[in-house]
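Asker: Please find final14.txt (compact mmCIF, C-alpha atoms and all ligand atoms) on the next line:
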# COMPACT_ATOMS: atom_id res chain seq x y z
CA MET F 1 109.27 99.37 81.71
CA ILE F 2 108.06 96.43 79.63
CA LEU F 3 104.45 95.54 80.22
CA LYS F 4 102.81 92.47 78.79
CA PRO F 5 99.50 90.87 79.60
CA LEU F 6 100.09 88.41 82.40
CA LEU F 7 98.51 84.99 82.00
CA LEU F 8 98.48 82.72 84.98
CA LEU F 9 98.26 79.02 85.37
CA GLY F 10 95.37 77.56 87.35
CA GLN F 11 95.60 74.59 89.70
CA PRO F 12 92.82 72.60 91.36
CA SER F 13 91.78 74.85 94.21
CA ASN F 14 90.72 72.02 96.51
CA ALA F 15 94.04 70.13 96.54
CA TYR F 16 94.76 71.37 100.03
CA ASN F 17 91.48 70.18 101.49
CA SER F 18 92.20 66.59 100.56
CA HIS F 19 94.93 66.51 103.25
CA ARG F 20 92.49 67.02 106.08
CA PRO F 21 92.43 64.38 108.80
CA GLY F 22 89.73 61.71 109.08
CA SER F 23 86.08 62.48 109.63
CA ALA F 24 85.28 60.41 112.75
CA ALA F 25 87.50 62.45 115.04
CA LYS F 26 86.27 65.60 113.37
CA TYR F 27 82.68 64.77 114.24
CA SER F 28 83.37 64.32 117.95
CA LEU F 29 85.38 67.54 118.05
CA PHE F 30 82.58 69.40 116.39
CA LEU F 31 80.33 68.40 119.25
CA VAL F 32 82.90 69.60 121.77
CA VAL F 33 83.10 72.95 120.05
CA LEU F 34 79.34 73.30 119.87
CA LEU F 35 79.11 72.62 123.60
CA TYR F 36 81.50 75.32 124.59
CA LEU F 37 79.98 77.66 122.06
CA SER F 38 76.64 77.51 123.84
CA SER F 39 78.29 78.43 127.16
CA PHE F 40 80.21 81.17 125.45
CA SER F 41 77.47 83.09 123.73
CA SER F 42 75.39 83.26 126.87
CA SER F 43 78.02 85.15 128.83
CA CYS F 44 80.10 87.40 126.65
CA THR F 45 79.19 91.03 126.24
CA SER F 46 78.18 92.02 122.76
CA SER F 47 78.27 95.41 121.18
CA GLY F 48 76.82 94.33 117.86
CA ALA F 49 74.18 91.98 116.53
CA ARG F 50 74.67 88.48 117.90
CA GLY F 51 74.42 85.70 115.38
CA GLY F 52 74.49 81.91 115.68
CA PRO F 53 77.52 79.91 114.65
CA ALA F 54 76.41 79.55 111.05
CA ARG F 55 74.93 83.00 110.59
CA GLU F 56 77.18 85.98 110.04
CA SER F 57 76.55 89.14 112.00
CA SER F 58 78.43 92.29 111.03
CA ARG F 59 81.28 91.91 108.62
CA ALA F 60 84.71 90.90 109.93
CA PRO F 61 87.42 93.40 108.94
CA ASP F 62 90.28 92.67 106.54
CA ILE F 63 93.82 92.67 107.88
CA ARG F 64 97.00 93.41 105.95
CA VAL F 65 99.71 90.88 106.75
CA CYS F 66 103.37 91.37 105.78
CA LEU F 67 104.72 88.09 104.40
CA ALA F 68 108.19 89.46 103.59
CA GLU F 69 109.90 92.82 103.65
CA ASN F 70 112.48 94.20 101.21
CA LEU F 71 112.88 90.84 99.55
CA GLN F 72 115.47 90.42 96.76
CA GLU F 73 114.08 87.24 95.21
CA GLY F 74 111.24 84.77 95.46
CA SER F 75 108.58 82.83 93.58
CA LEU F 76 104.94 83.46 92.80
CA ALA F 77 102.23 81.27 91.29
CA PHE F 78 98.44 81.33 91.08
CA ARG F 79 95.62 78.83 91.36
CA GLY F 80 92.51 80.32 89.79
CA ASP F 81 91.81 83.60 88.00
CA TYR F 82 93.29 86.86 89.24
CA ARG F 83 93.16 90.46 88.16
CA LEU F 84 96.43 92.39 88.23
CA GLU F 85 96.12 96.12 88.82
CA MET F 86 99.05 98.43 88.26
CA GLU F 87 99.40 102.19 87.96
CA GLU F 88 98.57 102.35 84.28
CA ALA F 89 96.84 99.14 83.40
CA ILE F 90 94.63 96.31 84.55
CA TYR F 91 95.27 92.80 83.37
CA GLN F 92 92.79 89.95 83.37
CA LEU F 93 94.78 86.89 84.21
CA ASP F 94 93.90 83.37 83.26
CA GLU F 95 95.37 80.02 84.09
CA SER F 96 98.15 79.41 81.62
CA VAL F 97 101.39 80.96 82.79
CA GLY F 98 103.05 78.97 85.56
CA THR F 99 105.42 79.87 88.35
CA PHE F 100 107.12 83.24 88.26
CA MET F 101 110.58 83.65 89.69
CA PHE F 102 111.29 87.23 90.62
CA GLU F 103 114.43 89.10 91.53
CA VAL F 104 115.18 92.71 92.40
CA GLN F 105 118.43 94.48 91.61
CA ALA F 106 118.99 98.22 91.96
CA GLY F 107 115.27 98.96 92.00
CA ILE F 108 114.46 96.82 88.94
CA MET F 109 112.21 93.81 89.43
CA ARG F 110 112.27 91.02 86.89
CA LEU F 111 109.34 88.60 86.95
CA ARG F 112 109.93 85.58 84.80
CA SER F 113 107.91 82.44 84.04
CA GLU F 114 108.14 79.98 81.15
CA ARG F 115 105.50 82.00 79.32
CA ARG F 116 105.84 85.62 80.48
CA TYR F 117 108.43 88.21 81.37
CA PHE F 118 107.93 91.49 83.21
CA GLU F 119 110.49 94.13 83.97
CA LEU F 120 109.33 96.82 86.42
CA GLU F 121 111.03 99.84 87.83
CA ALA F 122 110.64 101.13 91.40
CA PRO F 123 108.51 102.62 92.82
CA GLN F 124 105.64 100.41 91.72
CA THR F 125 102.68 98.70 93.35
CA LEU F 126 101.18 95.52 91.96
CA VAL F 127 97.77 94.43 93.25
CA PHE F 128 96.52 90.90 92.54
CA LYS F 129 92.81 90.31 93.23
CA PRO F 130 91.21 86.86 92.97
CA LYS F 131 87.98 86.58 90.97
CA LEU F 132 86.67 83.88 93.28
CA LYS F 133 87.16 83.45 97.00
CA SER F 134 88.46 79.92 96.36
CA SER F 135 91.39 81.22 94.27
CA GLN F 136 94.83 81.05 95.85
CA PHE F 137 98.24 82.51 95.20
CA LEU F 138 101.47 80.78 96.17
CA PHE F 139 104.26 82.94 97.52
CA ASN F 140 107.47 80.95 97.95
CA ASP F 141 105.36 77.78 97.57
CA ILE F 142 102.98 78.59 100.46
CA PRO F 143 99.31 78.99 99.44
CA TYR F 144 97.30 82.03 100.58
CA GLY F 145 93.76 83.32 100.04
CA GLY F 146 92.75 86.95 99.61
CA ASP F 147 94.49 89.83 97.82
CA LEU F 148 98.20 90.14 97.19
CA PHE F 149 100.14 93.41 97.13
CA LEU F 150 103.73 93.75 95.92
CA TYR F 151 105.39 97.04 96.85
CA LEU F 152 108.54 97.53 94.82
CA THR F 153 111.08 100.04 96.13
CA ASP F 154 114.82 100.50 95.68
CA GLN F 155 115.30 98.27 98.74
CA GLY F 156 113.36 95.31 97.32
CA VAL F 157 109.82 93.95 97.33
CA THR F 158 107.50 94.01 100.33
CA VAL F 159 104.84 91.30 100.05
CA VAL F 160 101.49 91.94 101.75
CA ASN F 161 98.43 89.66 101.93
CA GLU F 162 95.10 91.37 102.61
CA VAL F 163 92.65 88.85 103.95
CA GLY F 164 89.57 88.65 106.18
CA ILE F 165 90.66 88.42 109.80
CA GLU F 166 88.75 85.17 110.43
CA ARG F 167 90.43 83.53 107.45
CA TYR F 168 93.77 84.91 108.64
CA LEU F 169 93.24 83.21 112.02
CA LEU F 170 92.76 79.82 110.34
CA GLY F 171 96.34 80.21 109.09
CA VAL F 172 97.71 81.38 112.46
CA ILE F 173 96.33 79.04 115.13
CA PRO F 174 97.76 75.73 113.81
CA GLN F 175 101.18 77.43 113.61
CA GLU F 176 100.97 78.79 117.13
CA MET F 177 99.52 75.80 118.99
CA PRO F 178 99.08 72.05 118.36
CA SER F 179 95.55 72.07 116.95
CA ASN F 180 94.73 68.43 116.38
CA GLU F 181 94.69 67.03 119.94
CA ALA F 182 91.17 66.81 121.40
CA GLU F 183 92.44 67.27 124.97
CA TYR F 184 94.02 70.60 123.99
CA THR F 185 90.66 72.01 122.82
CA GLU F 186 90.23 74.63 125.57
CA ALA F 187 93.81 75.85 125.09
CA VAL F 188 93.25 76.16 121.34
CA VAL F 189 90.07 78.17 121.96
CA ALA F 190 91.99 80.43 124.37
CA GLN F 191 94.75 80.83 121.77
CA THR F 192 92.17 81.68 119.09
CA ILE F 193 90.66 84.47 121.18
CA ALA F 194 94.10 85.78 122.20
CA SER F 195 95.32 85.75 118.58
CA ARG F 196 92.17 87.50 117.33
CA SER F 197 92.57 90.19 120.00
CA TYR F 198 96.23 90.65 119.17
CA ALA F 199 95.36 91.02 115.47
CA MET F 200 92.56 93.51 116.23
CA TYR F 201 94.99 95.48 118.40
CA ARG F 202 97.43 95.71 115.46
CA LEU F 203 94.55 96.53 113.10
CA ASN F 204 92.89 99.26 115.17
CA ILE F 205 95.37 100.55 117.74
CA ALA F 206 98.99 100.00 116.71
CA PRO F 207 99.69 98.92 113.11
CA GLN F 208 103.29 97.90 112.45
CA SER F 209 103.64 100.00 109.30
CA LYS F 210 101.82 102.23 106.85
CA LEU F 211 101.80 99.34 104.36
CA TYR F 212 100.53 96.63 106.69
CA HIS F 213 99.13 95.96 110.15
CA ILE F 214 100.96 92.85 111.25
CA ARG F 215 103.91 90.62 110.39
CA ALA F 216 103.63 86.90 109.60
CA ASP F 217 106.50 85.82 111.86
CA GLU F 218 107.36 85.49 115.55
CA SER F 219 107.60 89.25 115.95
CA ASP F 220 103.77 89.22 115.77
CA GLN F 221 102.04 85.92 115.00
CA ILE F 222 103.20 83.11 112.74
CA TYR F 223 100.91 82.95 109.69
CA ARG F 224 101.34 80.46 106.86
CA GLY F 225 98.14 81.03 104.89
CA LEU F 226 96.38 77.86 103.83
CA SER F 227 99.41 75.59 104.27
CA LYS F 228 98.19 73.78 107.36
CA SER F 229 94.79 73.24 108.91
CA GLY F 230 93.94 72.24 112.46
CA LEU F 231 91.11 69.92 113.33
CA ILE F 232 90.24 71.95 116.43
CA SER F 233 91.20 75.41 115.23
CA ASP F 234 89.05 75.01 112.10
CA GLN F 235 86.09 74.70 114.49
CA ALA F 236 87.27 77.10 117.19
CA VAL F 237 87.76 80.06 114.83
CA PRO F 238 84.16 80.19 113.47
CA ALA F 239 82.71 79.21 116.85
CA THR F 240 84.31 82.23 118.55
CA ARG F 241 83.81 84.56 115.59
CA GLY F 242 84.45 88.19 116.59
CA ILE F 243 85.24 87.40 120.24
CA ILE F 244 88.22 89.33 121.58
CA LEU F 245 89.85 90.41 124.83
CA THR F 246 89.42 94.10 125.57
CA LEU F 247 90.95 96.67 127.89
CA GLN F 248 88.78 99.76 128.44
CA ASP F 249 86.52 98.68 125.57
CA GLN F 250 89.43 98.60 123.09
CA PRO F 251 91.13 95.51 121.65
CA GLY F 252 93.79 94.55 124.22
CA LEU F 253 97.42 93.81 123.50
CA SER F 254 97.07 90.13 124.34
CA GLU F 255 100.68 89.07 124.15
CA TYR F 256 101.67 85.44 124.57
CA HIS F 257 104.81 83.34 124.58
CA SER F 258 105.82 79.68 124.43
CA THR F 259 106.83 78.86 128.02
CA CYS F 260 107.10 81.04 131.12
CA GLY F 261 109.12 78.46 133.03
CA GLY F 262 106.92 78.93 136.10
CA VAL F 263 107.12 82.71 136.53
CA LEU F 264 105.28 85.17 134.33
CA GLU F 265 106.83 88.48 133.48
CA SER F 266 104.42 91.26 134.34
CA PRO F 267 103.96 92.12 138.03
CA SER F 268 100.17 91.93 137.85
CA ASP F 269 100.26 88.46 136.36
CA THR F 270 102.95 87.34 138.78
CA ALA F 271 100.80 88.50 141.67
CA SER F 272 97.99 86.28 140.46
CA LEU F 273 100.10 83.15 140.74
CA PRO F 274 99.37 81.19 143.89
CA GLY F 275 102.32 81.05 146.25
CA LEU F 276 104.28 83.82 144.59
CA ALA F 277 104.76 87.20 146.15
CA LYS F 278 104.58 90.23 143.90
CA ASP F 279 108.02 91.31 144.96
CA GLY F 280 110.91 89.15 145.96
CA VAL F 281 110.13 86.45 143.39
CA SER F 282 113.82 86.73 142.72
CA TYR F 283 115.21 84.01 140.51
CA ASP F 284 114.43 80.89 142.41
CA LEU F 285 113.53 78.54 139.58
CA SER F 286 112.29 75.90 142.00
CA ARG F 287 109.28 78.05 142.88
CA GLY F 288 106.31 79.03 140.81
CA GLN F 289 103.44 77.30 139.11
CA ASP F 290 103.99 74.28 136.94
CA ASN F 291 101.30 74.64 134.27
CA CYS F 292 103.96 74.55 131.55
CA ILE F 293 106.00 71.68 132.97
CA LEU F 294 105.31 69.61 129.83
CA SER F 295 107.13 72.13 127.67
CA PRO F 296 110.50 70.96 126.33
CA SER F 297 111.77 74.44 127.31
CA TYR F 298 110.53 74.37 130.91
CA ARG F 299 114.15 73.92 132.03
CA TRP F 300 117.17 73.87 129.76
CA VAL F 301 120.95 73.88 129.76
CA GLU F 302 123.04 75.33 126.98
CA VAL F 303 126.81 75.12 126.74
CA ARG F 304 128.80 77.95 125.19
CA ARG F 305 132.44 78.15 124.22
CA ILE F 306 133.78 81.57 125.11
CA GLU F 307 134.93 81.93 121.49
CA THR F 308 131.24 81.88 120.48
CA ILE F 309 130.52 84.75 122.90
CA LEU F 310 133.54 86.57 121.48
CA HIS F 311 132.10 86.30 117.97
CA ASN F 312 128.67 87.47 119.21
CA VAL F 313 130.24 90.56 120.75
CA GLN F 314 132.25 91.12 117.59
CA SER F 315 129.14 91.16 115.40
CA LEU F 316 126.92 93.12 117.82
CA ARG F 317 129.63 95.74 118.47
CA GLN F 318 131.17 95.58 114.98
CA ILE F 319 134.70 94.88 116.14
CA ASP F 320 137.17 94.43 113.28
CA SER F 321 137.70 90.74 112.45
CA VAL F 322 141.47 91.30 112.18
CA VAL F 323 141.51 92.43 115.81
CA VAL F 324 139.51 89.37 116.88
CA ALA F 325 141.74 87.00 114.89
CA ASP F 326 144.72 88.50 116.68
CA TRP F 327 143.06 87.98 120.07
CA ILE F 328 142.28 84.36 119.26
CA GLU F 329 145.88 83.75 118.25
CA ASN F 330 147.59 85.60 121.10
CA GLY F 331 145.11 85.14 123.93
CA TYR F 332 142.32 87.17 125.51
CA THR F 333 140.23 87.28 128.64
CA LEU F 334 136.44 87.07 128.53
CA GLU F 335 133.98 86.97 131.39
CA VAL F 336 130.15 87.23 131.37
CA VAL F 337 128.55 88.94 134.37
CA ILE F 338 124.79 89.30 135.01
CA MET F 339 124.26 92.96 135.84
CA GLU F 340 120.51 93.34 136.46
CA ARG F 341 117.42 91.24 136.88
CA ARG F 342 113.79 92.29 136.68
CA PRO F 343 111.38 91.45 139.55
CA SER F 344 110.41 88.24 137.74
CA GLY F 345 114.05 87.14 137.86
CA ARG F 346 114.65 87.60 134.14
CA VAL F 347 117.99 89.08 133.17
CA ASP F 348 117.75 92.70 132.10
CA ALA F 349 121.44 93.33 131.40
CA VAL F 350 124.66 91.35 131.02
CA ALA F 351 128.21 92.64 130.77
CA VAL F 352 130.75 90.85 128.64
CA ASN F 353 134.14 91.90 129.99
CA LEU F 354 136.53 91.45 127.13
CA ASN F 355 140.23 92.23 127.58
CA GLY F 356 139.36 94.58 130.41
CA GLU F 357 136.68 96.45 128.46
CA SER F 358 133.05 96.05 129.50
CA HIS F 359 130.38 95.55 126.80
CA VAL F 360 126.91 95.82 128.32
CA PHE F 361 123.90 94.27 126.57
CA SER F 362 120.37 94.90 127.73
CA GLY F 363 116.80 94.14 126.69
CA SER F 364 116.45 91.90 123.64
CA SER F 365 120.21 91.97 122.94
CA VAL F 366 120.88 89.90 126.10
CA ARG F 367 119.67 86.77 124.30
CA ARG F 368 121.62 87.64 121.17
CA ALA F 369 124.87 88.28 123.05
CA LEU F 370 124.63 84.71 124.35
CA ALA F 371 123.49 83.16 121.04
CA ASN F 372 124.86 79.79 119.93
CA ARG F 373 127.28 79.24 117.04
CA ALA F 374 124.38 79.15 114.57
CA GLY F 375 123.32 82.61 115.77
CA GLU F 376 120.17 81.36 117.53
CA PRO F 377 119.46 83.55 120.57
CA LEU F 378 119.14 82.09 124.04
CA PRO F 379 115.58 80.69 124.52
CA SER F 380 114.69 83.18 127.26
CA GLU F 381 116.12 85.86 129.57
CA PHE F 382 115.48 83.61 132.56
CA PHE F 383 118.87 82.01 133.31
CA PHE F 384 122.03 81.63 135.39
CA ILE F 385 125.58 81.25 134.15
CA ASN F 386 127.97 78.73 135.64
CA ALA F 387 131.62 78.71 134.62
CA SER F 388 133.01 75.29 133.87
CA SER F 389 135.40 74.28 136.61
CA LYS F 390 137.25 71.84 134.36
CA ASN F 391 137.40 73.80 131.12
CA PRO F 392 137.80 77.58 131.27
CA GLN F 393 136.91 77.77 127.58
CA LYS F 394 133.31 76.77 128.33
CA MET F 395 130.36 78.07 130.31
CA TYR F 396 127.02 76.51 131.19
CA ILE F 397 123.83 78.54 130.89
CA ILE F 398 121.03 77.03 132.96
CA GLY F 399 117.63 78.49 132.24
CA ALA F 400 113.85 78.23 132.17
CA GLY F 401 111.18 78.95 129.61
CA ALA F 402 111.09 80.24 126.05
CA GLY F 403 110.00 83.67 124.94
CA HIS F 404 109.40 86.96 126.75
CA GLY F 405 107.13 85.70 129.55
CA ARG F 406 104.42 88.35 129.02
CA GLY F 407 100.72 87.53 128.78
CA MET F 408 99.64 83.94 128.13
CA CYS F 409 102.09 81.08 128.51
CA GLN F 410 101.05 78.76 125.64
CA TRP F 411 102.35 75.57 127.23
CA GLY F 412 100.75 76.76 130.46
CA ALA F 413 97.42 77.08 128.63
CA ILE F 414 97.83 73.49 127.42
CA GLY F 415 98.68 72.41 130.98
CA MET F 416 95.56 74.12 132.31
CA ALA F 417 93.40 72.50 129.59
CA LEU F 418 94.78 69.09 130.56
CA LYS F 419 93.92 69.83 134.20
CA GLY F 420 90.30 70.52 133.17
CA PHE F 421 90.18 74.32 133.10
CA ASN F 422 88.07 75.85 130.33
CA HIS F 423 89.17 78.61 127.96
CA LYS F 424 87.55 81.36 130.05
CA GLN F 425 89.47 80.25 133.14
CA ILE F 426 92.68 80.05 131.10
CA LEU F 427 92.18 83.54 129.67
CA SER F 428 91.25 85.12 133.00
CA PHE F 429 94.33 83.53 134.60
CA TYR F 430 96.74 84.94 132.02
CA TYR F 431 94.90 88.19 131.22
CA PRO F 432 93.40 89.11 134.61
CA ASN F 433 92.49 92.68 133.63
CA PHE F 434 90.94 91.90 130.23
CA LYS F 435 87.27 91.39 129.40
CA LEU F 436 85.71 89.16 126.76
CA SER F 437 83.76 91.19 124.17
CA LYS F 438 82.31 90.72 120.71
CA ALA F 439 83.99 93.02 118.22
CA TYR F 440 81.77 92.15 115.24
ZN ZN Q 501 104.21 78.80 131.94
Could I get this file's structure written as structure tokens?
Ligand SMILES: [Zn+2]
Answerer:
Amino acid sequence: MILKPLLLLGQPSNAYNSHRPGSAAKYSLFLVVLLYLSSFSSSCTSSGARGGPARESSRAPDIRVCLAENLQEGSLAFRGDYRLEMEEAIYQLDESVGTFMFEVQAGIMRLRSERRYFELEAPQTLVFKPKLKSSQFLFNDIPYGGDLFLYLTDQGVTVVNEVGIERYLLGVIPQEMPSNEAEYTEAVVAQTIASRSYAMYRLNIAPQSKLYHIRADESDQIYRGLSKSGLISDQAVPATRGIILTLQDQPGLSEYHSTCGGVLESPSDTASLPGLAKDGVSYDLSRGQDNCILSPSYRWVEVRRIETILHNVQSLRQIDSVVVADWIENGYTLEVVIMERRPSGRVDAVAVNLNGESHVFSGSSVRRALANRAGEPLPSEFFFINASSKNPQKMYIIGAGAGHGRGMCQWGAIGMALKGFNHKQILSFYYPNFKLSKAY
């Protein structure tokens, strides 16, 4: 292992702030947020000291966010002073090194910039701590605040950002919901509280891993650090500081998804929809509420060539490519049959009957079995299949919604905000059994 003092290049730490939108709109939104804040603090239950919007009560916890797992290569740069802690040494880093490119091969990580070179052998943990809160690190060109952990193993590098949960939320909300439209304000506030609850659930109840609590992608919540701000979310996060949704006094698993297509997934939520029976919702897409009708995924049609389905089955079932090439040349039969639907109408299992053999896909693999040629899964499990009457090589998949359908429908929240519902009404509609509480 070659260890050399690591010197890092500093950049102006306020470059990002200069991209904020204009101040006039910001002022009016600030008033909006203050107004709802006053209604909020008078009604939510609090287990700790209750502070005003500018005064901190008890400390918000830090959350460990996985930015990438078992990575083979990437880039790393720093704006401001950092301290690097490793097993045997601590390095004071200053601002003169530049961007590191790193790569991992057979458990060896090479970190290389114009000025410095490190070669490290797995297992190894590198901890980068900023001297000032304003310091940032850039991982693959995206800026983040807080501490950075690199866990090197034989499989690659796992990159973890440890950051205060309120600061984390500032990097989540603008990724999860349009956060610059004044008329979306109540939906953004609802999203903020749902995202905070979800994060607290991962932090306290069900962490994703021993190394981190939560992932920075769609499998949990999209988080891009300081890369994008939201006019409304920048106000909504501090204004709802510590407010979460709870179930039995614990942070609740407040799941959400893009578009329900008019029918939510869980029976309890479905029962709360006006005009929908708990059972027998079946798969009548013409029924159901239309809160999310503005979503581009409210209804969709996708066309698939059967050869695409063949390739999906090949990769999911690991069928030899020589066999498949032979089928394509000499002919094959392929038919897709919907086997089961859940009470909401979403497909629970499909069978792909290929040359007389039935391949059944259920759960999350339903969407992957019907992925497009680029490998993108079907938007939702809420669909029908129509064979093409003119071209037997094609099928039409007619569907509704995007995502799993559980918890809050994000486009539905926007629809409710546009209809004049406030964030409490939105949250109680989508999370009927949850309570609002102050966690810190
Ligand atoms: Zn919806």
Asker: Could you give me the residues within 8 Å of ligand ZN 501 (chain Q), counting all atoms listed in the file, as a list in words?
Answerer: Ser258, Thr259, Cys260, Gly261, Gly262, Val263, Leu264, Gln289, Asp290, Asn291, Cys292, Ile293, Tyr298, Gly401, Gly405, Met408, Cys409, Gln410, Trp411, Gly412 and Ala413 of chain F
Asker: So, with all atoms listed in the file as the atoms that count, which of F:Met177, F:Leu84, F:Leu226, F:Ala439 lies closest to Gly145 in chain F?
Answerer: F:Leu226
Asker: Rounded to one decimal in Å, what is the spacing between CA of Ile243 in chain F and CA of Ser227 in chain F?
Answerer: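 Spanning CA of Ile243 in chain F to CA of Ser227 in chain F is a straight-line distance of 24.4 Å.
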Asker: Suppose you want the space between CA of Leu294 in chain F and CA of Lys419 in chain F; what is it in Å?
Answerer: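 Separation of CA of Leu294 in chain F and CA of Lys419 in chain F: 12.2 Å.
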Asker: Quick one: residues within 12 Å of range 334-337 of chain F, only C-alpha atoms, excluding same-chain residues fewer than 4 positions away - as a PyMOL selection string?
Answerer: chain F and resi 304-311+313+327-328+341+347-361+366+369-370+383-388+392-397
Asker: Taking only residues of range 136-251 of chain F that have an atom at most 7 Å from an atom of range 100-121 of chain F, what is each one's shortest atom pair and its distance in Å to one decimal, using all atoms listed in the file, in chain and number order, as a tab-separated table?
Answerer:
residue	atom	partner	partner_atom	distance
F:Thr153	CA	F:Gly107	CA	6.0
F:Asp154	CA	F:Gly107	CA	4.0
F:Gln155	CA	F:Gly107	CA	6.8
F:Gly156	CA	F:Val104	CA	5.9
Asker: So which one's closest to Ser229 in chain F, F:Ile244, F:Val127, F:Leu138, F:Leu169? Using all atoms listed in the file, please.
Answerer: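 Comparing F:Ile244, F:Val127, F:Leu138, F:Leu169 against Ser229 in chain F, the winner is F:Leu169.
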Asker: Considering all atoms listed in the file, state which residue in the set F:Val163, F:Ile319, F:Leu203, F:Ile90 is at the smallest distance from Gly252 in chain F.
Answerer: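 Among the listed residues, the smallest separation from Gly252 in chain F belongs to F:Leu203.
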Asker: For Ile222 in chain F, please output as number ranges by chain all residues within 12 Å (counting all atoms listed in the file; exclusion window: fewer than 4 positions along the same chain).
Answerer: F: 65-67, 168-177, 195, 199, 214-218, 227-228, 257
Asker: Could you tell me which of F:Glu87, F:Asp62, F:Asp141, F:Glu376 comes closest to Gly74 in chain F if we count all atoms listed in the file?
Answerer: F:Asp141
Asker: Counting all atoms listed in the file, which residue out of F:Val324, F:Ala68, F:Val189, F:Ile205 sits closest to Arg241 in chain F?
Answerer: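 So, comparing all the options, the nearest one is F:Val189.
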Asker: To one decimal place in Å, what is the distance between CA of Pro123 in chain F and CA of Glu73 in chain F?
Answerer: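 Here the two named atoms are 16.5 Å from each other.
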Asker: What lies within 10 Å of Glu85 in chain F using all atoms listed in the file, ignoring chain neighbours under 2 positions off, as a PyMOL selection string?
Answerer: chain F and resi 82-83+87-92+125-129+149
Asker: Keeping C-alpha atoms, export the residues of the selection given above as a tab-separated table (two decimals), in the coordinates of the input.
Answerer:
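What landed in part18.tsv:
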chain	number	residue	atom	x	y	z
F	82	TYR	CA	93.29	86.86	89.24
F	83	ARG	CA	93.16	90.46	88.16
F	87	GLU	CA	99.40	102.19	87.96
F	88	GLU	CA	98.57	102.35	84.28
F	89	ALA	CA	96.84	99.14	83.40
F	90	ILE	CA	94.63	96.31	84.55
F	91	TYR	CA	95.27	92.80	83.37
F	92	GLN	CA	92.79	89.95	83.37
F	125	THR	CA	102.68	98.70	93.35
F	126	LEU	CA	101.18	95.52	91.96
F	127	VAL	CA	97.77	94.43	93.25
F	128	PHE	CA	96.52	90.90	92.54
F	129	LYS	CA	92.81	90.31	93.23
F	149	PHE	CA	100.14	93.41	97.13
Asker: Under the rule that all atoms listed in the file are counted, which of F:His213, F:Arg367, F:His404, F:Arg202 is the nearest residue to Gln250 in chain F?
Answerer: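 For Gln250 in chain F, the nearest of the given residues is F:Arg202.
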Asker: List the spatial neighbours of Thr158 in chain F as a PDB file with C-alpha atoms, keeping the file's coordinate frame - criterion: any atom at most 7 Å away, all atoms listed in the file, same-chain residues fewer than 2 positions off excluded.
Answerer:
ATOM      1  CA  ALA F  68     108.190  89.460 103.590  1.00  0.00           C
ATOM      2  CA  GLU F  69     109.900  92.820 103.650  1.00  0.00           C
ATOM      3  CA  ASN F  70     112.480  94.200 101.210  1.00  0.00           C
ATOM      4  CA  LEU F  71     112.880  90.840  99.550  1.00  0.00           C
ATOM      5  CA  LEU F 150     103.730  93.750  95.920  1.00  0.00           C
ATOM      6  CA  TYR F 151     105.390  97.040  96.850  1.00  0.00           C
ATOM      7  CA  LEU F 152     108.540  97.530  94.820  1.00  0.00           C
ATOM      8  CA  GLY F 156     113.360  95.310  97.320  1.00  0.00           C
ATOM      9  CA  VAL F 160     101.490  91.940 101.750  1.00  0.00           C
TER      10      VAL F 160
END
